[in-house]
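> What follows is run_16.csv, made up of CSV, C-alpha atoms and all ligand atoms:
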```csv
chain,number,residue,atom,x,y,z
T,1,MET,CA,-14.2,-3.1,-8.7
T,2,LYS,CA,-11.5,-0.6,-9.4
T,3,MET,CA,-8.6,-2.4,-7.9
T,4,LYS,CA,-6.2,-3.6,-10.5
T,5,ARG,CA,-5.9,-7.2,-11.2
T,6,LYS,CA,-3.5,-9.2,-9.2
T,7,ARG,CA,-0.6,-9.2,-11.7
T,8,ARG,CA,0.7,-5.7,-12.3
T,9,THR,CA,3.8,-4.3,-13.8
T,10,LYS,CA,4.9,-2.3,-10.8
T,11,PRO,CA,8.4,-3.5,-9.9
T,12,MET,CA,7.5,-4.1,-6.3
T,13,ILE,CA,4.6,-6.3,-7.0
T,14,LYS,CA,6.3,-8.1,-9.8
T,15,ASP,CA,9.3,-9.0,-7.6
T,16,GLN,CA,6.9,-10.5,-5.1
T,17,HIS,CA,5.4,-12.5,-7.9
T,18,GLU,CA,8.7,-13.6,-9.1
T,19,ASP,CA,9.6,-14.7,-5.6
T,20,GLN,CA,6.5,-16.8,-5.3
T,21,LYS,CA,7.2,-18.3,-8.7
T,22,SER,CA,10.8,-19.3,-7.9
T,23,LYS,CA,9.6,-20.7,-4.6
T,24,LYS,CA,6.9,-22.7,-6.4
T,25,LYS,CA,9.5,-24.0,-8.8
T,26,SER,CA,11.9,-25.2,-6.2
T,27,GLU,CA,9.2,-26.7,-4.1
T,28,GLU,CA,7.1,-28.5,-6.7
T,29,GLN,CA,8.9,-29.6,-9.7
T,30,ASP,CA,6.1,-31.4,-11.5
T,31,ASP,CA,5.3,-30.7,-15.1
T,32,HIS,CA,1.9,-29.2,-14.6
T,33,GLU,CA,3.2,-26.4,-12.4
T,34,GLU,CA,5.8,-25.6,-15.0
T,35,GLU,CA,3.1,-25.2,-17.6
T,36,ASP,CA,1.1,-22.8,-15.4
T,37,ASP,CA,4.2,-20.6,-14.9
T,38,GLU,CA,4.7,-20.3,-18.6
T,39,GLU,CA,1.2,-19.2,-19.1
T,40,GLU,CA,1.6,-16.5,-16.4
T,41,ASP,CA,4.7,-15.2,-18.2
T,42,GLU,CA,2.8,-14.7,-21.4
T,43,GLU,CA,0.1,-12.8,-19.5
T,44,ASP,CA,2.7,-10.5,-18.1
T,45,GLU,CA,4.1,-9.7,-21.5
T,46,HIS,CA,0.6,-8.8,-22.8
T,47,GLU,CA,0.1,-6.4,-19.9
T,48,ASP,CA,3.5,-4.8,-20.6
T,49,GLU,CA,2.4,-4.1,-24.1
T,50,GLU,CA,-0.7,-2.3,-22.9
T,51,GLU,CA,1.3,-0.2,-20.6
T,52,VAL,CA,2.9,1.7,-23.4
T,53,ASP,CA,0.7,4.6,-24.5
T,54,PRO,CA,2.3,7.9,-23.9
T,55,ASN,CA,-0.5,9.9,-25.6
T,56,ALA,CA,-3.3,8.5,-23.5
T,57,LYS,CA,-4.9,11.0,-21.2
T,58,ILE,CA,-8.0,11.3,-19.0
T,59,ASP,CA,-10.7,14.0,-19.2
T,60,VAL,CA,-11.2,15.9,-16.0
T,61,HIS,CA,-14.3,18.1,-15.4
T,62,ASP,CA,-14.4,19.8,-12.0
T,63,LEU,CA,-18.0,19.7,-10.7
T,64,PHE,CA,-17.5,21.5,-7.4
T,65,THR,CA,-14.5,23.4,-6.0
T,66,PRO,CA,-14.6,24.7,-2.4
T,67,LYS,CA,-13.5,28.3,-1.9
T,68,ASP,CA,-10.5,27.4,0.2
T,69,CYS,CA,-9.0,24.9,-2.2
T,70,VAL,CA,-5.3,25.1,-1.3
T,71,ASN,CA,-4.0,21.9,0.1
T,72,LYS,CA,-4.1,19.5,-2.9
T,73,SER,CA,-3.5,15.8,-3.1
T,74,LYS,CA,-0.2,14.6,-4.3
T,75,SER,CA,1.8,11.5,-4.6
T,76,GLY,CA,2.4,9.8,-1.2
T,77,ASP,CA,-0.8,11.2,0.3
T,78,LEU,CA,-3.3,8.9,1.8
T,79,VAL,CA,-6.5,9.9,0.1
T,80,VAL,CA,-10.0,9.0,1.2
T,81,ILE,CA,-12.6,9.3,-1.6
T,82,HIS,CA,-16.1,8.6,-2.5
T,83,TYR,CA,-16.6,7.5,-6.1
T,84,THR,CA,-19.2,6.1,-8.5
T,85,GLY,CA,-18.1,4.4,-11.7
T,86,TRP,CA,-20.1,3.9,-15.0
T,87,MET,CA,-19.2,1.9,-18.1
T,88,ASP,CA,-19.7,3.3,-21.7
T,89,ASP,CA,-23.3,2.2,-21.8
T,90,GLY,CA,-24.2,3.9,-18.6
T,91,THR,CA,-24.1,0.8,-16.4
T,92,LEU,CA,-23.0,1.5,-12.9
T,93,PHE,CA,-20.3,-1.0,-11.9
T,94,ASP,CA,-19.0,0.2,-8.6
T,95,THR,CA,-19.8,2.9,-6.0
T,96,THR,CA,-18.9,3.8,-2.4
T,97,ILE,CA,-22.3,5.6,-2.0
T,98,ASP,CA,-24.0,2.4,-1.0
T,99,ALA,CA,-26.0,1.6,2.1
T,100,THR,CA,-25.0,-2.1,2.0
T,101,LYS,CA,-21.4,-1.1,2.3
T,102,GLY,CA,-22.1,1.4,5.1
T,103,TYR,CA,-21.2,4.4,2.8
T,104,MET,CA,-17.5,3.6,3.5
T,105,PRO,CA,-15.2,5.9,1.4
T,106,PHE,CA,-12.3,4.3,-0.4
T,107,GLU,CA,-8.8,4.9,1.0
T,108,PHE,CA,-5.5,4.4,-0.8
T,109,MET,CA,-2.0,5.9,-1.0
T,110,LEU,CA,-1.5,8.0,-4.1
T,111,GLY,CA,1.4,7.1,-6.3
T,112,THR,CA,1.7,3.5,-5.3
T,113,GLY,CA,-0.1,1.9,-8.2
T,114,THR,CA,-2.9,0.5,-6.0
T,115,VAL,CA,-5.5,1.5,-8.5
T,116,ILE,CA,-5.8,1.8,-12.3
T,117,LYS,CA,-3.6,4.6,-13.8
T,118,GLY,CA,-6.5,6.8,-14.9
T,119,PHE,CA,-8.1,6.7,-11.5
T,120,GLU,CA,-4.8,7.6,-9.8
T,121,ARG,CA,-4.3,10.6,-12.2
T,122,GLY,CA,-7.9,11.7,-11.7
T,123,VAL,CA,-7.5,11.8,-7.9
T,124,LEU,CA,-4.3,13.9,-8.1
T,125,ASP,CA,-4.4,17.6,-7.4
T,126,MET,CA,-7.8,17.6,-5.6
T,127,CYS,CA,-8.5,19.4,-2.4
T,128,ARG,CA,-10.8,18.2,0.4
T,129,GLY,CA,-14.5,18.6,-0.5
T,130,GLN,CA,-13.8,18.9,-4.3
T,131,LYS,CA,-15.9,17.0,-6.7
T,132,ARG,CA,-15.0,16.0,-10.2
T,133,GLU,CA,-15.9,13.8,-13.1
T,134,ILE,CA,-13.2,11.9,-14.9
T,135,VAL,CA,-13.3,9.9,-18.1
T,136,ILE,CA,-10.7,7.2,-18.4
T,137,PRO,CA,-9.7,5.6,-21.7
T,138,PRO,CA,-9.2,1.8,-21.8
T,139,SER,CA,-5.4,2.1,-21.9
T,140,LEU,CA,-5.4,3.9,-18.6
T,141,GLY,CA,-8.1,1.7,-17.2
T,142,TYR,CA,-8.5,-2.1,-17.7
T,143,GLY,CA,-7.0,-2.2,-21.1
T,144,LYS,CA,-8.0,-4.5,-24.0
T,145,ARG,CA,-8.8,-7.4,-21.7
T,146,GLY,CA,-11.1,-5.8,-19.1
T,147,ALA,CA,-11.5,-7.1,-15.6
T,148,GLY,CA,-14.4,-9.0,-14.0
T,149,GLU,CA,-17.6,-7.5,-15.2
T,150,ILE,CA,-15.8,-4.7,-17.1
T,151,PRO,CA,-15.4,-5.8,-20.7
T,152,GLY,CA,-12.2,-5.1,-22.7
T,153,ASN,CA,-11.7,-1.7,-24.3
T,154,SER,CA,-14.0,0.0,-21.8
T,155,THR,CA,-14.0,3.8,-21.3
T,156,LEU,CA,-14.9,4.4,-17.7
T,157,THR,CA,-16.5,7.5,-16.2
T,158,TYR,CA,-16.2,8.2,-12.5
T,159,GLU,CA,-17.6,10.9,-10.3
T,160,LEU,CA,-15.2,11.6,-7.4
T,161,GLU,CA,-15.5,13.4,-4.1
T,162,MET,CA,-12.3,14.0,-2.1
T,163,PHE,CA,-13.4,13.2,1.3
T,164,ASP,CA,-10.1,13.6,3.1
T,165,ILE,CA,-6.4,13.9,2.5
T,166,ARG,CA,-4.1,12.5,5.1
T,167,LYS,CA,-0.3,12.6,5.5
T,168,PRO,CA,1.1,9.1,6.4
T,169,PRO,CA,2.8,9.3,9.7
T,170,PRO,CA,6.6,9.7,9.4
T,171,GLN,CA,8.5,6.7,10.6
T,172,ALA,CA,10.2,7.5,13.9
T,173,ASP,CA,13.9,6.9,14.2
T,174,MET,CA,13.4,4.1,16.7
T,175,PHE,CA,17.1,3.4,17.1
T,176,SER,CA,17.8,6.8,18.5
T,177,LEU,CA,14.7,6.6,20.7
T,178,ILE,CA,16.0,3.4,22.3
T,179,ASP,CA,19.7,4.5,22.5
T,180,SER,CA,19.2,6.6,25.6
T,181,ASN,CA,23.0,7.1,26.3
T,182,GLY,CA,23.7,7.9,22.6
T,183,ASP,CA,26.6,5.6,22.1
T,184,LYS,CA,25.1,4.1,18.9
T,185,LYS,CA,24.7,0.7,20.5
T,186,LEU,CA,21.6,-0.7,22.1
T,187,SER,CA,22.3,-2.5,25.3
T,188,LYS,CA,20.0,-5.1,26.8
T,189,LYS,CA,19.2,-2.6,29.5
T,190,GLU,CA,18.2,0.1,26.9
T,191,ILE,CA,16.0,-2.3,25.0
T,192,SER,CA,14.4,-3.5,28.2
T,193,GLU,CA,13.7,0.0,29.5
T,194,TYR,CA,12.3,1.2,26.2
T,195,MET,CA,9.9,-1.8,26.0
T,196,LYS,CA,8.9,-1.4,29.6
T,197,ALA,CA,8.0,2.2,29.0
T,198,GLN,CA,6.0,1.3,25.9
T,199,ALA,CA,4.1,-1.4,27.8
T,200,GLU,CA,3.4,1.0,30.7
T,201,ALA,CA,2.1,3.6,28.2
T,202,HIS,CA,-0.3,0.9,27.0
T,203,GLY,CA,-1.5,0.1,30.5
T,204,MET,CA,0.3,-3.3,30.8
T,205,PRO,CA,0.9,-4.6,34.4
T,206,THR,CA,4.7,-4.2,34.3
T,207,TYR,CA,4.9,-4.7,38.1
T,208,ASP,CA,3.4,-8.2,37.7
T,209,LYS,CA,5.8,-11.1,38.1
T,210,LYS,CA,4.4,-12.9,35.0
T,211,TRP,CA,4.7,-9.9,32.9
T,212,ARG,CA,8.4,-9.4,34.0
T,213,LYS,CA,9.1,-13.0,33.1
T,214,HIS,CA,7.5,-12.6,29.7
T,215,HIS,CA,9.4,-9.3,29.2
T,216,LYS,CA,12.7,-11.0,29.9
T,217,THR,CA,12.0,-13.6,27.3
T,218,VAL,CA,11.0,-11.0,24.7
T,219,VAL,CA,14.2,-9.0,25.3
T,220,ALA,CA,16.3,-12.2,25.0
T,221,ASN,CA,14.6,-13.1,21.8
T,222,ILE,CA,15.2,-9.7,20.3
T,223,PHE,CA,18.9,-10.1,21.1
T,224,ASP,CA,18.9,-13.5,19.5
T,225,HIS,CA,17.6,-12.1,16.3
T,226,GLU,CA,19.3,-8.7,16.2
T,227,ASP,CA,22.7,-9.1,17.8
T,228,THR,CA,24.1,-11.0,14.9
T,229,ASP,CA,27.8,-10.8,16.0
T,230,GLU,CA,26.8,-11.7,19.5
T,231,ASP,CA,28.8,-9.0,21.3
T,232,GLY,CA,26.0,-8.2,23.7
T,233,ALA,CA,24.9,-5.0,22.0
T,234,ILE,CA,22.8,-4.2,18.9
T,235,SER,CA,24.8,-1.9,16.6
T,236,HIS,CA,23.2,0.6,14.2
T,237,ASP,CA,23.9,-1.8,11.3
T,238,GLU,CA,22.5,-4.8,13.1
T,239,PHE,CA,19.2,-3.0,14.0
T,240,SER,CA,16.4,-4.0,11.7
T,241,GLY,CA,13.8,-1.5,12.9
T,242,PRO,CA,13.4,2.1,11.6
T,243,ARG,CA,16.6,4.1,12.2
G,301,CA,CA,23.3,2.8,23.9
G,302,CA,CA,26.2,-6.7,18.1
```
Translate the structure of the given file into structure tokens.


Amino acid sequence: MKMKRKRRTKPMIKDQHEDQKSKKKSEEQDDHEEEDDEEEDEEDEHEDEEEVDPNAKIDVHDLFTPKDCVNKSKSGDLVVIHYTGWMDDGTLFDTTIDATKGYMPFEFMLGTGTVIKGFERGVLDMCRGQKREIVIPPSLGYGKRGAGEIPGNSTLTYELEMFDIRKPPPQADMFSLIDSNGDKKLSKKEISEYMKAQAEAHGMPTYDKKWRKHHKTVVANIFDHEDTDEDGAISHDEFSGPR
């Protein structure tokens, strides 16, 4: 496995972790839980220490580069790759080129810290169809501790093939889409009409009595949640969707 271990030092993930911890503490105040939390804190510190290695770098050897190698992967792209990974001693530890896994390539968003740092760096700046070999030092891999079957201080070698690079779809400005009269407020009618159009586009029986009843309830629920000052319209500030 190439996924990082659960606890990471990325702020987003850490915050979630902290949330869970504080929840845990408030819900269950027995001594045993407290002990566990302390142990977790120590682990976090160790990982922070390992993060600091400004000189660490990966080796990259391009194995195949297509003629038309122009559109290259960058942070924020959704990359789809095939890979095979070996440990120092040549042991294969993970691959997507596997019949039992249906030859499913691995997909992740670059720049989000989903995978170990060295892997993320190695996948950068590749075009579709390109193949390369990367060698990742332990500090950009699983560190001094290792992970699962990968022992600590392991140098990892991967062969990669960029299968596809996809742009994540931009988030539509949903507020403007719903606000058909453009007064920067969403009325019940506007919400209702927008949702009805969406339902029709998905082949729902919007003429059906049952559907209409359900639809009314859904719109009412939306207003319960979103119209926080209860003035009968959802303002731009109140709206919780993409805007
Ligand atoms: Ca409006
Ligand atoms: Ca309102």

> Skip Met174 in chain T itself and residues of its chain fewer than 2 positions away, then list as a PyMOL selection string all residues within 7 Å of it, counting all atoms listed in the file.

chain T and resi 172+176-178+241-243

> Write a file of the just-selected residues containing C-alpha atoms, as a compact mmCIF listing (two decimals), in the coordinates of the input.


```
# COMPACT_ATOMS: atom_id res chain seq x y z
CA ALA T 172 10.20 7.50 13.90
CA SER T 176 17.80 6.80 18.50
CA LEU T 177 14.70 6.60 20.70
CA ILE T 178 16.00 3.40 22.30
CA GLY T 241 13.80 -1.50 12.90
CA PRO T 242 13.40 2.10 11.60
CA ARG T 243 16.60 4.10 12.20
```

> Of the candidates T:Asp208, T:Glu193, T:Glu200, T:Asp179, which shows the shortest atom-to-atom distance to ligand CA 301 (chain G), using all atoms listed in the file?

T:Asp179

> Residues up to 7 Å from ligand CA 302 (chain G), counting all atoms listed in the file: could you list those as a list in words?

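Protein and nucleic-acid residues within 7 Å of ligand CA 302 (chain G): Asp227, Thr228, Asp229, Glu230, Asp231, Gly232, Ala233, Ile234, Ser235 and Glu238 of chain T.
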
> Within 12 Å of Val218 in chain T, counting only C-alpha atoms, which residues qualify if same-chain residues fewer than 3 places away don't, as a list in words?

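The neighbour list is Lys188, Ile191, Ser192, Met195, Lys196, Trp211, Arg212, Lys213, His214, His215, Asn221, Ile222, Phe223, Asp224 and His225 of chain T.
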
> Would you mind listing, for every residue of chain T within 7 Å of ligand CA 301 (chain G), the two atoms forming the shortest contact and the distance between them in Å to one decimal, using only C-alpha atoms and all ligand atoms, sorted by chain and ascending residue number, as CSV?


```
residue,atom,partner,partner_atom,distance
T:Asp179,CA,G:CA301,CA,4.2
T:Ser180,CA,G:CA301,CA,5.8
T:Asn181,CA,G:CA301,CA,4.9
T:Gly182,CA,G:CA301,CA,5.3
T:Asp183,CA,G:CA301,CA,4.7
T:Lys184,CA,G:CA301,CA,5.5
T:Lys185,CA,G:CA301,CA,4.2
T:Leu186,CA,G:CA301,CA,4.3
T:Ser187,CA,G:CA301,CA,5.6
T:Glu190,CA,G:CA301,CA,6.5
```

> Selected residues, C-alpha atoms, written as a PDB file, in the coordinates of the input, please.


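After the write, selection05.pdb holds the following:
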```pdb
ATOM      1  CA  ASP T 179      19.700   4.500  22.500  1.00  0.00           C
ATOM      2  CA  SER T 180      19.200   6.600  25.600  1.00  0.00           C
ATOM      3  CA  ASN T 181      23.000   7.100  26.300  1.00  0.00           C
ATOM      4  CA  GLY T 182      23.700   7.900  22.600  1.00  0.00           C
ATOM      5  CA  ASP T 183      26.600   5.600  22.100  1.00  0.00           C
ATOM      6  CA  LYS T 184      25.100   4.100  18.900  1.00  0.00           C
ATOM      7  CA  LYS T 185      24.700   0.700  20.500  1.00  0.00           C
ATOM      8  CA  LEU T 186      21.600  -0.700  22.100  1.00  0.00           C
ATOM      9  CA  SER T 187      22.300  -2.500  25.300  1.00  0.00           C
ATOM     10  CA  GLU T 190      18.200   0.100  26.900  1.00  0.00           C
TER      11      GLU T 190
END
```

> Using all atoms listed in the file, can you tell me which of T:Asp237, T:Glu226, T:Asp59, T:Asp94 comes closest to Gly122 in chain T?

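Answer, going by the shortest atom-to-atom distance: T:Asp59.
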
> Out of T:Ile150, T:Cys127, T:Ala199, T:Val70, which residue has the shortest atom-to-atom distance to Met87 in chain T when counting all atoms listed in the file?

T:Ile150

> Find the residues around Lys57 in chain T up to 12 Å (all atoms listed in the file counted), leave out those fewer than 4 positions away in its own chain, and share them as a list in words.

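Those residues are Asp53, Lys117, Gly118, Phe119, Glu120, Arg121, Gly122, Ile134, Val135, Ile136, Pro137, Pro138, Ser139, Leu140, Gly141 and Thr155 of chain T.
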
> Between T:Met104, T:Lys67, T:Glu133, T:Thr96, which is the closest to Tyr158 in chain T once you count only C-alpha atoms?

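Distance minimum relative to Tyr158 in chain T lands on T:Glu133.
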
> Could you check how far CA of Tyr142 in chain T sits from CA of Lys167 in chain T, in Å to one decimal?

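CA of Tyr142 in chain T sits 28.7 Å away from CA of Lys167 in chain T.
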
> Taking into account only C-alpha atoms, which residue in the set T:Gly102, T:Pro169, T:Pro205, T:Gly129 is nearest to Pro66 in chain T?

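Ranking T:Gly102, T:Pro169, T:Pro205, T:Gly129 by distance to Pro66 in chain T, first place goes to T:Gly129.
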
> Pick from T:Thr100, T:Thr91, T:Ser240, T:Ser75: nearest to Asp173 in chain T, with all atoms listed in the file counted?

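That would be T:Ser240, the residue with the smallest distance to Asp173 in chain T.
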
> What separation in Å, quoted to one decimal, exists between CA of Thr112 in chain T and CA of Gly90 in chain T?

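Separation of CA of Thr112 in chain T and CA of Gly90 in chain T: 29.1 Å.
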
> Go ahead and compute the interatomic distance for CA of Pro54 in chain T and CA of Ala147 in chain T, in Å to one decimal.

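Atom-to-atom, CA of Pro54 in chain T and CA of Ala147 in chain T are spaced 22.0 Å apart.
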
> Counting only C-alpha atoms, what is within 9 Å of Gln130 in chain T, bar same-chain residues fewer than 6 positions away, as number ranges by chain?

T: 62-66, 69, 160-163

> Could you pull the residues within 10 Å of Glu149 in chain T, counting only C-alpha atoms, minus those fewer than 2 positions along the same chain, as a list of chain:residue names?

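With the cut-off at 10 Å, the set is T:Met1, T:Met87, T:Phe93, T:Gly146, T:Ala147, T:Pro151, T:Gly152.
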
> Output requested as a PDB file, in the coordinates of the input - range 190-210 of chain T, filled out with N, CA and C atoms.


```
ATOM      1  N   GLU T 190      18.914  -0.936  27.708  1.00  0.00           N
ATOM      2  CA  GLU T 190      18.200   0.100  26.900  1.00  0.00           C
ATOM      3  C   GLU T 190      16.946  -0.484  26.265  1.00  0.00           C
ATOM      4  N   ILE T 191      17.113  -1.655  25.679  1.00  0.00           N
ATOM      5  CA  ILE T 191      16.000  -2.300  25.000  1.00  0.00           C
ATOM      6  C   ILE T 191      14.882  -2.600  26.078  1.00  0.00           C
ATOM      7  N   SER T 192      15.312  -3.165  27.180  1.00  0.00           N
ATOM      8  CA  SER T 192      14.400  -3.500  28.200  1.00  0.00           C
ATOM      9  C   SER T 192      13.617  -2.322  28.756  1.00  0.00           C
ATOM     10  N   GLU T 193      14.335  -1.236  28.996  1.00  0.00           N
ATOM     11  CA  GLU T 193      13.700   0.000  29.500  1.00  0.00           C
ATOM     12  C   GLU T 193      12.723   0.594  28.526  1.00  0.00           C
ATOM     13  N   TYR T 194      13.139   0.597  27.266  1.00  0.00           N
ATOM     14  CA  TYR T 194      12.300   1.200  26.200  1.00  0.00           C
ATOM     15  C   TYR T 194      10.976   0.371  26.133  1.00  0.00           C
ATOM     16  N   MET T 195      11.104  -0.953  26.104  1.00  0.00           N
ATOM     17  CA  MET T 195       9.900  -1.800  26.000  1.00  0.00           C
ATOM     18  C   MET T 195       9.015  -1.708  27.179  1.00  0.00           C
ATOM     19  N   LYS T 196       9.650  -1.562  28.341  1.00  0.00           N
ATOM     20  CA  LYS T 196       8.900  -1.400  29.600  1.00  0.00           C
ATOM     21  C   LYS T 196       8.058  -0.138  29.554  1.00  0.00           C
ATOM     22  N   ALA T 197       8.707   0.939  29.106  1.00  0.00           N
ATOM     23  CA  ALA T 197       8.000   2.200  29.000  1.00  0.00           C
ATOM     24  C   ALA T 197       6.856   2.164  28.047  1.00  0.00           C
ATOM     25  N   GLN T 198       7.082   1.489  26.905  1.00  0.00           N
ATOM     26  CA  GLN T 198       6.000   1.300  25.900  1.00  0.00           C
ATOM     27  C   GLN T 198       4.840   0.558  26.524  1.00  0.00           C
ATOM     28  N   ALA T 199       5.182  -0.514  27.229  1.00  0.00           N
ATOM     29  CA  ALA T 199       4.100  -1.400  27.800  1.00  0.00           C
ATOM     30  C   ALA T 199       3.352  -0.579  28.867  1.00  0.00           C
ATOM     31  N   GLU T 200       4.078   0.205  29.660  1.00  0.00           N
ATOM     32  CA  GLU T 200       3.400   1.000  30.700  1.00  0.00           C
ATOM     33  C   GLU T 200       2.446   2.012  30.043  1.00  0.00           C
ATOM     34  N   ALA T 201       2.905   2.603  28.948  1.00  0.00           N
ATOM     35  CA  ALA T 201       2.100   3.600  28.200  1.00  0.00           C
ATOM     36  C   ALA T 201       0.805   2.928  27.696  1.00  0.00           C
ATOM     37  N   HIS T 202       0.866   1.629  27.457  1.00  0.00           N
ATOM     38  CA  HIS T 202      -0.300   0.900  27.000  1.00  0.00           C
ATOM     39  C   HIS T 202      -1.077   0.214  28.087  1.00  0.00           C
ATOM     40  N   GLY T 203      -0.743   0.571  29.313  1.00  0.00           N
ATOM     41  CA  GLY T 203      -1.500   0.100  30.500  1.00  0.00           C
ATOM     42  C   GLY T 203      -1.214  -1.385  30.836  1.00  0.00           C
ATOM     43  N   MET T 204      -0.039  -1.898  30.437  1.00  0.00           N
ATOM     44  CA  MET T 204       0.300  -3.300  30.800  1.00  0.00           C
ATOM     45  C   MET T 204       0.765  -3.327  32.256  1.00  0.00           C
ATOM     46  N   PRO T 205       0.514  -4.443  32.942  1.00  0.00           N
ATOM     47  CA  PRO T 205       0.900  -4.600  34.400  1.00  0.00           C
ATOM     48  C   PRO T 205       2.397  -4.915  34.489  1.00  0.00           C
ATOM     49  N   THR T 206       3.263  -3.912  34.301  1.00  0.00           N
ATOM     50  CA  THR T 206       4.700  -4.200  34.300  1.00  0.00           C
ATOM     51  C   THR T 206       5.265  -4.545  35.654  1.00  0.00           C
ATOM     52  N   TYR T 207       4.462  -4.336  36.703  1.00  0.00           N
ATOM     53  CA  TYR T 207       4.900  -4.700  38.100  1.00  0.00           C
ATOM     54  C   TYR T 207       4.642  -6.192  38.316  1.00  0.00           C
ATOM     55  N   ASP T 208       3.797  -6.790  37.471  1.00  0.00           N
ATOM     56  CA  ASP T 208       3.400  -8.200  37.700  1.00  0.00           C
ATOM     57  C   ASP T 208       4.548  -9.132  37.371  1.00  0.00           C
ATOM     58  N   LYS T 209       4.670 -10.166  38.189  1.00  0.00           N
ATOM     59  CA  LYS T 209       5.800 -11.100  38.100  1.00  0.00           C
ATOM     60  C   LYS T 209       5.739 -11.823  36.694  1.00  0.00           C
ATOM     61  N   LYS T 210       4.534 -12.225  36.307  1.00  0.00           N
ATOM     62  CA  LYS T 210       4.400 -12.900  35.000  1.00  0.00           C
ATOM     63  C   LYS T 210       4.818 -12.056  33.870  1.00  0.00           C
TER      64      LYS T 210
END
```
